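J.: My structure is in entry_0.cif, and what it holds is mmCIF, C-alpha atoms and all ligand atoms:
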data_final
loop_
_atom_site.label_atom_id
_atom_site.label_comp_id
_atom_site.auth_asym_id
_atom_site.auth_seq_id
_atom_site.Cartn_x
_atom_site.Cartn_y
_atom_site.Cartn_z
CA MET A 1 120.48 143.24 62.70
CA ILE A 2 119.16 141.21 65.63
CA ASN A 3 115.55 140.25 64.92
CA VAL A 4 112.78 139.16 67.23
CA THR A 5 113.49 135.60 66.20
CA LYS A 6 115.92 133.63 64.10
CA SER A 7 114.84 130.48 62.31
CA TYR A 8 116.32 127.45 63.98
CA LEU A 9 118.29 125.28 61.58
CA GLY A 10 119.07 121.85 62.91
CA ASN A 11 122.09 119.74 62.13
CA LYS A 12 123.00 120.22 58.45
CA THR A 13 124.67 116.81 58.02
CA LYS A 14 121.56 115.13 59.37
CA PHE A 15 119.36 117.18 57.03
CA LEU A 16 121.52 116.25 54.04
CA GLY A 17 121.20 112.59 55.06
CA TYR A 18 117.44 112.93 54.70
CA VAL A 19 117.92 114.70 51.35
CA ASP A 20 120.02 111.73 50.19
CA SER A 21 117.14 109.42 51.12
CA ILE A 22 114.73 111.58 49.09
CA TYR A 23 117.05 111.40 46.07
CA ALA A 24 117.32 107.65 46.50
CA SER A 25 113.56 107.07 46.70
CA GLY A 26 112.54 109.78 44.24
CA TRP A 27 109.52 110.42 46.51
CA LEU A 28 109.10 114.18 46.91
CA THR A 29 105.53 114.65 48.15
CA ASN A 30 102.09 112.94 48.45
CA HIS A 31 102.35 111.22 51.84
CA GLY A 32 105.95 110.10 51.55
CA PRO A 33 107.91 108.22 54.20
CA LEU A 34 109.33 111.33 55.89
CA VAL A 35 105.93 112.98 56.28
CA THR A 36 104.59 109.72 57.71
CA GLU A 37 107.53 109.47 60.11
CA LEU A 38 107.17 113.08 61.22
CA GLU A 39 103.45 112.66 61.76
CA GLU A 40 104.01 109.61 63.96
CA ARG A 41 106.79 111.23 65.94
CA LEU A 42 104.79 114.43 66.48
CA ARG A 43 101.77 112.43 67.62
CA ASP A 44 103.93 110.79 70.29
CA TYR A 45 105.89 113.92 71.18
CA LEU A 46 102.79 116.04 71.63
CA GLY A 47 100.69 113.28 73.16
CA VAL A 48 97.69 113.66 70.85
CA ARG A 49 95.40 111.12 69.22
CA ASN A 50 95.28 112.33 65.58
CA ILE A 51 97.58 114.77 63.85
CA ILE A 52 97.41 115.62 60.15
CA LEU A 53 100.29 117.61 58.67
CA THR A 54 99.50 120.48 56.31
CA ASN A 55 101.54 122.84 54.15
CA ASN A 56 100.88 125.85 56.39
CA GLY A 57 98.97 126.98 59.46
CA THR A 58 96.47 129.17 57.63
CA LEU A 59 95.10 126.34 55.50
CA ALA A 60 95.02 124.24 58.67
CA LEU A 61 92.53 126.73 60.11
CA GLN A 62 90.47 126.90 56.92
CA ILE A 63 90.30 123.11 56.65
CA ALA A 64 89.33 122.84 60.32
CA TYR A 65 86.31 125.10 59.71
CA ARG A 66 85.36 123.11 56.59
CA ALA A 67 85.71 119.78 58.37
CA LEU A 68 83.33 121.03 61.06
CA ASN A 69 80.92 122.37 58.39
CA LEU A 70 80.95 125.82 59.94
CA THR A 71 78.82 128.59 58.48
CA GLY A 72 77.28 131.72 59.95
CA SER A 73 79.53 133.44 62.47
CA ALA A 74 82.24 132.60 64.97
CA ILE A 75 83.33 134.34 68.14
CA THR A 76 87.04 135.07 67.95
CA THR A 77 89.87 136.97 69.56
CA PRO A 78 90.91 140.40 68.30
CA PHE A 79 94.43 139.88 69.69
CA SER A 80 96.17 137.39 67.41
CA PHE A 81 97.97 137.10 64.10
CA VAL A 82 95.81 138.28 61.21
CA ALA A 83 95.36 134.72 59.85
CA THR A 84 93.09 133.82 62.77
CA THR A 85 90.57 136.33 61.42
CA SER A 86 91.32 136.27 57.69
CA SER A 87 90.89 132.48 57.57
CA LEU A 88 87.33 132.86 58.88
CA GLN A 89 86.50 135.66 56.48
CA TRP A 90 88.04 133.68 53.59
CA GLU A 91 85.75 130.76 54.40
CA GLY A 92 82.70 133.01 54.48
CA ILE A 93 82.32 132.80 58.26
CA ARG A 94 81.65 136.15 59.88
CA PRO A 95 84.12 136.92 62.67
CA ILE A 96 82.56 138.41 65.80
CA PHE A 97 85.20 139.74 68.11
CA SER A 98 85.01 139.29 71.83
CA ASP A 99 87.48 141.05 74.08
CA ILE A 100 90.58 139.62 75.70
CA ASP A 101 91.33 139.26 79.37
CA ARG A 102 93.53 142.13 80.54
CA ALA A 103 96.03 139.88 82.33
CA SER A 104 96.24 136.69 80.23
CA TRP A 105 95.80 138.48 76.86
CA ASN A 106 93.64 135.54 75.70
CA LEU A 107 89.94 135.55 74.87
CA ASP A 108 88.02 136.40 78.05
CA PRO A 109 85.59 133.49 78.51
CA GLN A 110 83.27 135.67 80.61
CA ALA A 111 82.77 138.08 77.71
CA ILE A 112 81.88 135.46 75.09
CA GLU A 113 78.24 134.80 75.94
CA ALA A 114 77.13 138.38 75.40
CA ARG A 115 78.57 138.29 71.88
CA ILE A 116 76.82 135.12 70.66
CA GLU A 117 74.31 135.70 67.86
CA ALA A 118 71.63 133.49 66.32
CA ASP A 119 73.95 132.19 63.59
CA THR A 120 77.02 131.71 65.79
CA GLN A 121 78.43 128.20 65.50
CA ALA A 122 81.93 128.31 66.93
CA ILE A 123 84.57 129.87 69.13
CA VAL A 124 87.97 130.40 67.52
CA ALA A 125 90.54 131.19 70.21
CA THR A 126 94.30 131.61 70.11
CA HIS A 127 96.70 130.47 72.84
CA VAL A 128 98.44 133.76 72.31
CA PHE A 129 102.23 133.75 72.72
CA GLY A 130 101.89 130.14 73.85
CA ASN A 131 99.83 131.03 76.93
CA ALA A 132 97.10 128.40 77.27
CA CYS A 133 93.56 129.76 77.11
CA ASP A 134 91.15 129.21 79.98
CA VAL A 135 90.15 126.03 78.17
CA GLU A 136 87.83 124.72 80.87
CA THR A 137 85.63 127.80 81.04
CA ILE A 138 85.59 128.05 77.25
CA ALA A 139 84.46 124.40 77.10
CA GLN A 140 81.59 125.19 79.50
CA VAL A 141 80.43 128.19 77.46
CA ALA A 142 80.66 126.17 74.25
CA GLN A 143 78.68 123.31 75.71
CA ARG A 144 75.95 125.61 77.00
CA HIS A 145 75.49 127.14 73.56
CA ARG A 146 76.35 124.11 71.41
CA LEU A 147 79.32 125.81 69.83
CA LYS A 148 82.33 124.11 68.29
CA VAL A 149 85.73 125.15 69.65
CA ILE A 150 88.75 125.63 67.42
CA TYR A 151 92.08 126.58 68.95
CA ASP A 152 94.64 128.39 66.86
CA GLY A 153 97.64 126.75 68.48
CA ALA A 154 100.24 128.32 66.18
CA HIS A 155 102.19 129.53 69.23
CA ALA A 156 101.52 126.60 71.53
CA PHE A 157 103.78 123.80 70.34
CA SER A 158 104.59 121.53 73.31
CA VAL A 159 102.45 123.60 75.71
CA HIS A 160 100.73 121.55 78.38
CA TYR A 161 97.69 122.24 80.49
CA LYS A 162 97.18 120.04 83.55
CA ASP A 163 99.74 117.49 82.43
CA GLN A 164 98.55 116.95 78.89
CA SER A 165 98.87 118.68 75.58
CA VAL A 166 96.75 121.80 75.35
CA PHE A 167 95.85 120.55 71.86
CA ASN A 168 93.62 117.93 73.45
CA TRP A 169 91.13 120.69 74.29
CA GLY A 170 88.47 121.86 71.86
CA ASP A 171 87.13 120.05 68.81
CA VAL A 172 90.17 120.89 66.72
CA SER A 173 93.51 122.60 67.28
CA THR A 174 95.68 123.93 64.50
CA LEU A 175 99.43 124.52 64.42
CA SER A 176 101.79 126.50 62.24
CA PHE A 177 105.24 125.21 61.38
CA HIS A 178 106.34 128.38 59.62
CA ALA A 179 110.08 129.12 59.77
CA THR A 180 109.57 131.76 62.46
CA LYS A 181 107.73 129.42 64.80
CA LEU A 182 109.21 127.50 67.73
CA PHE A 183 109.12 124.22 65.82
CA HIS A 184 109.10 124.48 62.04
CA THR A 185 109.21 122.70 58.68
CA ILE A 186 110.14 125.91 56.75
CA GLU A 187 106.47 126.20 55.76
CA GLY A 188 104.00 123.81 57.30
CA GLY A 189 101.30 123.22 59.83
CA ALA A 190 99.07 120.61 61.39
CA ILE A 191 95.56 119.83 62.53
CA VAL A 192 94.94 117.94 65.77
CA THR A 193 91.71 116.29 66.86
CA ASN A 194 90.58 113.54 69.22
CA ASP A 195 87.73 112.64 66.88
CA ASP A 196 88.80 109.82 64.55
CA ALA A 197 85.99 110.34 62.03
CA LEU A 198 86.78 114.05 61.85
CA ALA A 199 90.46 113.21 61.34
CA GLU A 200 89.56 111.03 58.36
CA ARG A 201 87.48 113.83 56.89
CA ILE A 202 90.36 116.27 57.38
CA ARG A 203 92.74 113.91 55.55
CA LEU A 204 90.34 113.83 52.61
CA LEU A 205 89.97 117.61 52.56
CA CYS A 206 93.76 118.03 52.54
CA ASN A 207 94.06 115.85 49.43
CA PHE A 208 91.39 117.13 47.00
CA GLY A 209 88.78 114.76 48.48
CA ILE A 210 90.50 111.84 46.79
CA VAL A 211 89.60 108.56 48.51
CA ASP A 212 91.50 106.41 46.02
CA THR A 213 92.36 106.58 42.35
CA ASP A 214 88.71 106.13 41.26
CA ILE A 215 86.75 107.84 44.02
CA ILE A 216 86.43 111.50 44.93
CA ASP A 217 84.35 112.29 47.99
CA GLY A 218 83.40 115.95 48.12
CA ILE A 219 85.28 119.16 47.55
CA GLY A 220 88.84 119.24 48.80
CA ILE A 221 91.99 121.29 48.51
CA ASN A 222 95.73 120.67 48.39
CA ALA A 223 97.28 121.04 51.84
CA LYS A 224 99.97 118.37 51.62
CA LEU A 225 103.37 118.76 53.23
CA ASN A 226 106.37 117.78 51.10
CA GLU A 227 109.28 115.51 52.00
CA PHE A 228 111.95 118.23 52.18
CA ALA A 229 109.82 120.13 54.68
CA ALA A 230 109.29 116.97 56.71
CA ALA A 231 113.07 116.37 56.72
CA MET A 232 113.59 119.78 58.32
CA GLY A 233 110.95 118.98 60.92
CA LEU A 234 112.55 115.62 61.76
CA CYS A 235 115.91 117.31 62.36
CA ILE A 236 114.43 120.03 64.56
CA LEU A 237 112.27 117.66 66.58
CA ASP A 238 115.49 115.92 67.72
CA ASP A 239 116.61 119.21 69.29
CA MET A 240 113.38 120.27 70.99
CA ALA A 241 114.61 119.71 74.57
CA LEU A 242 117.59 121.94 73.93
CA ILE A 243 115.51 124.59 72.16
CA LEU A 244 113.01 124.77 75.02
CA GLU A 245 115.74 124.87 77.66
CA GLN A 246 117.58 127.74 75.97
CA ARG A 247 114.40 129.72 75.50
CA GLU A 248 113.47 129.28 79.11
CA GLU A 249 116.86 130.51 80.22
CA ILE A 250 116.52 133.66 78.12
CA ALA A 251 112.93 134.23 79.26
CA SER A 252 113.80 133.90 82.93
CA ARG A 253 116.58 136.48 82.55
CA TYR A 254 114.13 138.90 80.93
CA VAL A 255 111.61 138.26 83.69
CA GLN A 256 114.15 138.92 86.42
CA ARG A 257 115.35 142.17 84.95
CA LEU A 258 112.18 143.62 83.42
CA SER A 259 109.23 142.54 85.53
CA ASP A 260 109.59 145.47 87.95
CA HIS A 261 109.28 147.91 85.10
CA PHE A 262 106.87 146.52 82.53
CA ASP A 263 103.67 144.50 82.54
CA LEU A 264 104.03 140.87 81.55
CA GLN A 265 101.45 138.41 80.32
CA ARG A 266 99.95 136.45 83.19
CA GLN A 267 100.36 132.75 82.71
CA GLN A 268 97.32 130.49 82.81
CA PRO A 269 97.42 128.51 86.07
CA HIS A 270 98.24 124.79 85.73
CA SER A 271 99.87 125.38 82.37
CA GLN A 272 103.43 125.22 81.27
CA ARG A 273 104.88 127.49 78.64
CA ASN A 274 107.22 127.20 75.69
CA HIS A 275 108.57 130.79 75.56
CA SER A 276 107.94 130.95 71.86
CA TYR A 277 107.76 134.74 72.32
CA PHE A 278 108.76 137.23 74.98
CA PRO A 279 106.20 140.03 74.93
CA ILE A 280 106.20 142.99 77.29
CA ALA A 281 103.54 145.67 77.63
CA LEU A 282 104.94 149.18 77.86
CA LYS A 283 103.28 152.04 79.68
CA ASP A 284 101.76 153.43 76.51
CA GLU A 285 102.32 153.67 72.77
CA ASP A 286 104.70 156.63 73.16
CA GLN A 287 106.98 154.64 75.38
CA LEU A 288 106.76 151.71 72.98
CA LEU A 289 107.76 153.85 70.01
CA ARG A 290 110.63 155.42 71.96
CA CYS A 291 111.89 151.98 73.01
CA ARG A 292 111.63 150.70 69.46
CA VAL A 293 113.71 153.60 68.11
CA ALA A 294 116.29 153.19 70.87
CA LEU A 295 116.59 149.46 70.15
CA LYS A 296 116.77 149.96 66.39
CA ASP A 297 119.62 152.42 66.92
CA LYS A 298 121.48 149.52 68.50
CA GLY A 299 120.72 147.14 65.64
CA ILE A 300 117.88 145.36 67.43
CA ASN A 301 114.55 144.83 65.75
CA PRO A 302 111.70 144.02 68.17
CA ARG A 303 108.23 143.43 66.68
CA ARG A 304 104.81 144.79 67.46
CA TYR A 305 102.94 141.50 67.81
CA PHE A 306 100.00 141.97 67.51
CA TYR A 307 99.16 145.31 66.06
CA PRO A 308 96.67 146.52 65.06
CA SER A 309 93.86 144.90 67.03
CA LEU A 310 92.01 142.71 64.52
CA ASP A 311 88.63 144.34 65.18
CA THR A 312 89.99 147.35 63.29
CA LEU A 313 90.62 145.41 60.04
CA SER A 314 89.02 147.11 57.08
CA TYR A 315 87.45 143.96 55.65
CA VAL A 316 85.53 142.79 58.70
CA GLN A 317 82.01 143.99 59.37
CA PRO A 318 81.79 146.92 61.77
CA GLN A 319 82.38 145.70 65.29
CA ILE A 320 81.91 146.90 68.82
CA PRO A 321 85.38 148.26 69.70
CA GLN A 322 87.28 145.69 71.73
CA THR A 323 88.79 148.09 74.20
CA GLU A 324 91.17 145.79 76.07
CA SER A 325 92.60 144.40 72.85
CA ARG A 326 92.95 147.84 71.26
CA ALA A 327 94.70 149.21 74.33
CA LEU A 328 97.02 146.24 74.66
CA SER A 329 97.91 146.07 70.98
CA ARG A 330 99.27 149.60 71.23
CA ARG A 331 101.54 148.64 74.12
CA VAL A 332 102.99 145.23 73.31
CA LEU A 333 106.45 144.67 71.99
CA CYS A 334 108.02 141.25 71.45
CA LEU A 335 111.69 141.05 72.38
CA PRO A 336 114.33 138.88 70.71
CA ILE A 337 114.24 135.31 71.98
CA TYR A 338 115.77 132.32 70.25
CA PRO A 339 118.41 129.67 70.91
CA GLY A 340 121.82 131.22 70.46
CA LEU A 341 120.77 134.80 71.23
CA PRO A 342 124.05 136.19 72.58
CA ARG A 343 123.94 137.14 76.26
CA HIS A 344 125.47 140.57 75.56
CA VAL A 345 122.71 141.32 73.04
CA GLN A 346 120.06 140.40 75.56
CA ASN A 347 121.77 142.66 78.08
CA THR A 348 121.71 145.50 75.55
CA VAL A 349 117.97 144.96 75.03
CA ILE A 350 117.38 145.02 78.78
CA GLU A 351 119.58 148.07 79.47
CA THR A 352 118.02 150.00 76.60
CA LEU A 353 114.49 149.30 77.83
CA LEU A 354 115.34 150.14 81.44
CA ASN A 355 116.98 153.34 80.33
CA GLU A 356 113.92 154.38 78.30
CA SER A 357 111.52 153.50 81.08
CA SER A 358 113.45 155.60 83.58
CA GLN A 359 113.36 158.59 81.19
CA GLY A 360 109.58 158.86 81.26
CA SER A 361 107.39 159.34 84.28
CA HIS A 362 106.59 155.68 84.41
CA LEU A 363 104.51 154.80 87.41
CA PRO A 364 103.05 151.34 87.06
CA THR A 365 99.42 151.50 88.00
CA GLU A 366 98.80 147.82 87.93
CA HIS A 367 101.29 145.08 88.56
CA ILE A 368 100.53 141.56 87.55
CA TRP A 369 103.95 140.45 88.66
CA PRO A 370 102.87 138.53 91.77
CA GLN A 371 100.78 136.18 89.64
CA VAL A 372 103.53 135.84 87.05
CA ALA A 373 105.99 135.04 89.79
CA ALA A 374 103.67 132.48 91.31
CA SER A 375 103.14 130.74 88.00
CA LEU A 376 106.81 130.75 87.12
CA LEU A 377 107.62 129.25 90.48
CA LEU A 378 105.56 126.22 89.51
CA ASP A 379 108.66 125.40 87.55
CA ASP A 380 111.41 124.74 90.05
CA ARG A 381 114.15 125.19 87.48
CA LEU A 382 113.68 128.93 87.75
CA SER A 383 115.15 130.74 90.68
CA PRO A 384 112.74 132.86 92.72
CA PRO A 385 112.57 136.37 91.34
CA ALA A 386 113.15 139.43 93.43
CA PRO A 387 109.92 140.72 94.98
CA ALA A 388 108.59 143.62 93.01
CA TYR A 389 105.68 145.82 93.80
CA LYS A 390 104.84 149.37 92.98
CA ARG A 391 107.89 151.53 92.93
CA ILE A 392 108.36 155.18 92.19
CA TYR A 393 111.02 155.92 89.63
C1 LIG A 401 101.82 132.04 62.15
C2 LIG A 401 100.41 132.06 62.56
C3 LIG A 401 99.38 131.58 61.73
C4 LIG A 401 99.59 131.24 60.30
O1 LIG A 401 100.44 130.20 60.07
P1 LIG A 401 101.18 130.07 58.64
O2 LIG A 401 101.86 128.74 58.77
O3 LIG A 401 102.13 131.20 58.53
O4 LIG A 401 100.14 130.07 57.58
C5 LIG A 401 98.08 131.53 62.24
N1 LIG A 401 97.80 131.96 63.47
C6 LIG A 401 98.75 132.44 64.30
C7 LIG A 401 98.36 132.87 65.67
C8 LIG A 401 100.07 132.54 63.87
O5 LIG A 401 101.00 133.07 64.67
#
Rewrite the coordinates I just gave you, this time as C-alpha cells.
T.:
Amino acid sequence: MINVTKSYLGNKTKFLGYVDSIYASGWLTNHGPLVTELEERLRDYLGVRNIILTNNGTLALQIAYRALNLTGSAITTPFSFVATTSSLQWEGIRPIFSDIDRASWNLDPQAIEARIEADTQAIVATHVFGNACDVETIAQVAQRHRLKVIYDGAHAFSVHYKDQSVFNWGDVSTLSFHATKLFHTIEGGAIVTNDDALAERIRLLCNFGIVDTDIIDGIGINAKLNEFAAAMGLCILDDMALILEQREEIASRYVQRLSDHFDLQRQQPHSQRNHSYFPIALKDEDQLLRCRVALKDKGINPRRYFYPSLDTLSYVQPQIPQTESRALSRRVLCLPIYPGLPRHVQNTVIETLLNESSQGSHLPTEHIWPQVAASLLLDDRLSPPAPAYKRIY
C-alpha cells in the first residue's frame, strides 16, 4: 500500500554510530549530548534565537500556553490537526473558532476581530500544510487587542517568510517532529521564541520546574526528548537539502498535471514552501469519495487532512459554524508525497484523479491557479506551468 507519506529513515550506519556513542556514555535522556547538539544545529539551520526540544508537538503547544500564562479563550483555526484545538481545551482555554481564508486555507486575519470576546487572550494559528499565515496582518490584529500569538508550526519546518524563518513571527511557535512529519525524531517537537526570559521559563516547564537539585520553581511537566530520538534527528538533518529537493520535484509534477482540474492552496506571497503535504480540493465530497475509492483500488491511500472541521468537535462549546472550513474540509485530499515516491506511482495517482474528474460534470467555478502559478514562479527552479483557465470538460 502506498500511503500519503512514508517516514524518512536516514543513513542506518550513521544512526548506529550515534547508538554506539549512547552505549559508550550510558546517557539516555535528561539533556544529553545528542539533544544539545541537535538543539544547536536546529537553531542554526532554522535561523531562530531560542529553540527548546520537546518529546512531541502536542506538549509543545500546551507548554507554550502555560509559559504565556494563558487563560480565558483563544481564537483559533478550525482547519488543522485536532491537537491544535485539543491542546487548548486540555489546558482549560476555551477555543473560539474563526474561519479560514478560502484561498490560503489559513486563519483569515480579517475575520478574527469579530470573534474576540472579553476573556480572549491569544490567537493560535496553524501554517497549514506548511503555507505561511498572513503573519503581518495577524501581528497587527494581535497588537490592537493585546493578544498573544502562538503559531502551530507542525507543518512549517524550514518555511521562510520574507527571507527569514516563519518561526520568528508570533510570541511562540511550536513544531512537531513526529515520524510522519517532514523532519522527525520518531516522536518529538520543539518550541521556538525570540524572548530569552520566556525560553528559560519554557525550559523549566519542560523539566518539572526543576531549577537545580534543591530548587523547584513552580509546576512543571516532563517534555524531555531522549538521546535515541535526537540521534534520528541528527541523521535526518544532514539530508534536509535532498529531502526538500525531492519533495519539490514531486510537488511541481503534481501542480503541472492537476492544477487545471482541481483547486490548489494559494501560497502566501513572499513565502517559500517545504511541500510537507500535497493537498488538492476536489469539486465536492462526492468526487472526493469517488477518487479515494479509485485510488484505494490501485493500492494508494490518500488522506483526508483535515476532516472534520474542528468546530464540529463534540467536546468544544457550541460554535458559530465556520462555513469556509466546513466546506473545504469536505473537499480536501492529501496525495502521496515523500522522497523516493516512485514516478510510476505518482503517474497512477495523477491518471486516476484525472480520470475521475472527467467522469463527473466538473466545471471549475473558481480557479486560483493564476496566483499559485505566480507564487511558484518566485522559485526559478520550477519551469513555468501551462496556462490554465476555465475549461469545459
Ligand atoms: C502533528 C501535528 C501536531 C501534533 O504533534 P505531535 O508531535 O504528533 O504531538 C500538532 N499540530 C499539527 C498541525 C500537527 O500536524
J.: With only C-alpha atoms counted, which protein, DNA or RNA residues have an atom no more than 12 Å from (116.5, 121.3, 71.6) in the file frame? Please answer as a PyMOL selection string.
T.: chain A and resi 8-11+182-183+235-248+274+338-340
J.: Within 8 Å of ligand LIG 401 (chain A) (counting only C-alpha atoms and all ligand atoms), which residues show up? I'd like them as a VMD selection string.
T.: chain A and resid 55 to 61 80 to 84 126 to 128 152 to 155 175 to 178 180 to 181 187 to 189
J.: Output C-alpha atoms for every residue in that selection, as a compact mmCIF listing (two decimals), in the coordinates of the input.
T.:
# COMPACT_ATOMS: atom_id res chain seq x y z
CA ASN A 55 101.54 122.84 54.15
CA ASN A 56 100.88 125.85 56.39
CA GLY A 57 98.97 126.98 59.46
CA THR A 58 96.47 129.17 57.63
CA LEU A 59 95.10 126.34 55.50
CA ALA A 60 95.02 124.24 58.67
CA LEU A 61 92.53 126.73 60.11
CA SER A 80 96.17 137.39 67.41
CA PHE A 81 97.97 137.10 64.10
CA VAL A 82 95.81 138.28 61.21
CA ALA A 83 95.36 134.72 59.85
CA THR A 84 93.09 133.82 62.77
CA THR A 126 94.30 131.61 70.11
CA HIS A 127 96.70 130.47 72.84
CA VAL A 128 98.44 133.76 72.31
CA ASP A 152 94.64 128.39 66.86
CA GLY A 153 97.64 126.75 68.48
CA ALA A 154 100.24 128.32 66.18
CA HIS A 155 102.19 129.53 69.23
CA LEU A 175 99.43 124.52 64.42
CA SER A 176 101.79 126.50 62.24
CA PHE A 177 105.24 125.21 61.38
CA HIS A 178 106.34 128.38 59.62
CA THR A 180 109.57 131.76 62.46
CA LYS A 181 107.73 129.42 64.80
CA GLU A 187 106.47 126.20 55.76
CA GLY A 188 104.00 123.81 57.30
CA GLY A 189 101.30 123.22 59.83
J.: Which one is closest to Asn194 (chain A): A:Gly170, A:Gly233, A:Pro33, A:Gly26? Count all atoms listed in the file.
T.: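 Smallest separation from Asn194 (chain A) among the options: A:Gly170.
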J.: Calculated over all atoms listed in the file, which of the candidates A:Ser158, A:Leu258, A:Asn131, A:Tyr65 has the smallest distance to Asp44 (chain A)?
T.: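 Counting all atoms listed in the file, the residue closest to Asp44 (chain A) is A:Ser158.
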J.: Counting all atoms listed in the file, which residues sit no farther than 10 Å from the position (103.7, 112.5, 53.0) in the file's frame? I'd like them as a PyMOL selection string.
T.: chain A and resi 27-39+53-54+224-227+229-230
J.: One decimal, in Å: what's the spacing between CA of His184 (chain A) and CA of Leu288 (chain A)?
T.: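 Value for the CA of His184 (chain A)-CA of Leu288 (chain A) distance: 29.4 Å.
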J.: Rank nothing, just name the residue among A:Val255, A:Val141, A:Ala190, A:Val135 nearest to His270 (chain A), using only C-alpha atoms.
T.: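 Residue with the minimum atom-to-atom distance to His270 (chain A): A:Val135.
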J.: Expressed in Å to a single decimal, how great is the separation between CA of Phe228 (chain A) and CA of Ala67 (chain A)?
T.: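 Between CA of Phe228 (chain A) and CA of Ala67 (chain A) the gap works out to 27.0 Å.
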J.: Hey, can you check how far CA of Ile219 (chain A) sits from CA of Ile123 (chain A)?
T.: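 Separation between CA of Ile219 (chain A) and CA of Ile123 (chain A): 24.1 Å.
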J.: Could you name the residues that touch region 71-77 of chain A at 6 Å or less, counting all atoms listed in the file, but leaving out those on the same chain fewer than 6 positions away, as a list in words?
T.: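 The filter keeps Ile93, Arg94, Pro95, Ile96, Phe97, Ser98, Leu107, Asp119, Thr120, Gln121, Ala122, Ile123, Val124 and Ala125 of chain A.
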J.: Which residues are close to Cys133 (chain A), i.e. within 12 Å by all atoms listed in the file, leaving aside same-chain residues fewer than 3 positions away? Reply as an MDAnalysis selection string.
T.: chainID A and resid 77 100:101 103:109 124:130 136:139 149:153 155:156 159:161 166:167 169:170 266:273
J.: Could you list, as a ChimeraX atom specification, every residue within 12 Å of Ile210 (chain A), counting only C-alpha atoms and ignoring same-chain residues fewer than 3 positions away?
T.: /A:30,200-207,213-222
J.: Compare A:Leu328, A:Ala231, A:Val349, A:Leu264 by their minimum atom-to-atom distance to Pro308 (chain A), counting all atoms listed in the file, and give me the closest one.
T.: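 Ranked by minimum distance to Pro308 (chain A), first place goes to A:Leu328.
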J.: Give the answer as one residue: which of A:Val172, A:Ile63, A:Val332, A:Ile51 has the shortest atom-to-atom distance to Ser309 (chain A), using all atoms listed in the file?
T.: A:Val332
J.: Restricting the calculation to all atoms listed in the file, which member of A:Ala64, A:Arg331, A:Ser314, A:Ser259 is positioned closest to Asp286 (chain A)?
T.: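 Among A:Ala64, A:Arg331, A:Ser314, A:Ser259, it is A:Arg331 that comes nearest to Asp286 (chain A).
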J.: Could you give me the axis-aligned bounding box of region 213-226 of chain A, with 5 Å of padding per side, as centre plus edge lengths in Å to one decimal, as JSON?
T.:
{"center_x": 94.9, "center_y": 113.7, "center_z": 47.2, "size_x": 33.0, "size_y": 25.2, "size_z": 22.0}
J.: Missing atoms in region 180-190 of chain A need filling: write out N, CA, C and O atoms for it as an mmCIF file, in the frame of the given file.
T.:
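Below is the file result_15.cif, written as the result:
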data_model
loop_
_atom_site.group_PDB
_atom_site.id
_atom_site.type_symbol
_atom_site.label_atom_id
_atom_site.label_comp_id
_atom_site.auth_asym_id
_atom_site.auth_seq_id
_atom_site.Cartn_x
_atom_site.Cartn_y
_atom_site.Cartn_z
ATOM 1 N N THR A 180 109.390 130.899 61.289
ATOM 2 C CA THR A 180 109.570 131.760 62.460
ATOM 3 C C THR A 180 109.009 131.144 63.740
ATOM 4 O O THR A 180 109.137 131.730 64.814
ATOM 5 N N LYS A 181 108.370 130.004 63.620
ATOM 6 C CA LYS A 181 107.730 129.420 64.800
ATOM 7 C C LYS A 181 108.745 128.567 65.589
ATOM 8 O O LYS A 181 109.792 128.176 65.076
ATOM 9 N N LEU A 182 108.354 128.257 66.808
ATOM 10 C CA LEU A 182 109.210 127.500 67.730
ATOM 11 C C LEU A 182 109.704 126.196 67.090
ATOM 12 O O LEU A 182 110.884 125.879 67.097
ATOM 13 N N PHE A 183 108.783 125.422 66.572
ATOM 14 C CA PHE A 183 109.120 124.220 65.820
ATOM 15 C C PHE A 183 108.683 124.479 64.387
ATOM 16 O O PHE A 183 107.579 124.999 64.173
ATOM 17 N N HIS A 184 109.514 124.147 63.399
ATOM 18 C CA HIS A 184 109.100 124.480 62.040
ATOM 19 C C HIS A 184 109.521 123.442 61.007
ATOM 20 O O HIS A 184 110.387 122.588 61.265
ATOM 21 N N THR A 185 108.864 123.524 59.850
ATOM 22 C CA THR A 185 109.210 122.700 58.680
ATOM 23 C C THR A 185 109.424 123.641 57.477
ATOM 24 O O THR A 185 109.030 123.315 56.365
ATOM 25 N N ILE A 186 109.956 124.808 57.708
ATOM 26 C CA ILE A 186 110.140 125.910 56.750
ATOM 27 C C ILE A 186 108.770 126.562 56.515
ATOM 28 O O ILE A 186 108.553 127.685 56.943
ATOM 29 N N GLU A 187 107.894 125.883 55.786
ATOM 30 C CA GLU A 187 106.470 126.200 55.760
ATOM 31 C C GLU A 187 105.771 124.905 56.167
ATOM 32 O O GLU A 187 106.204 123.822 55.771
ATOM 33 N N GLY A 188 104.710 125.022 56.915
ATOM 34 C CA GLY A 188 104.000 123.810 57.300
ATOM 35 C C GLY A 188 103.011 124.092 58.400
ATOM 36 O O GLY A 188 102.900 125.226 58.885
ATOM 37 N N GLY A 189 102.276 123.075 58.769
ATOM 38 C CA GLY A 189 101.300 123.220 59.830
ATOM 39 C C GLY A 189 100.696 121.877 60.146
ATOM 40 O O GLY A 189 101.139 120.846 59.613
ATOM 41 N N ALA A 190 99.704 121.875 61.029
ATOM 42 C CA ALA A 190 99.070 120.610 61.390
ATOM 43 C C ALA A 190 97.693 120.868 61.968
ATOM 44 O O ALA A 190 97.385 121.980 62.415
#
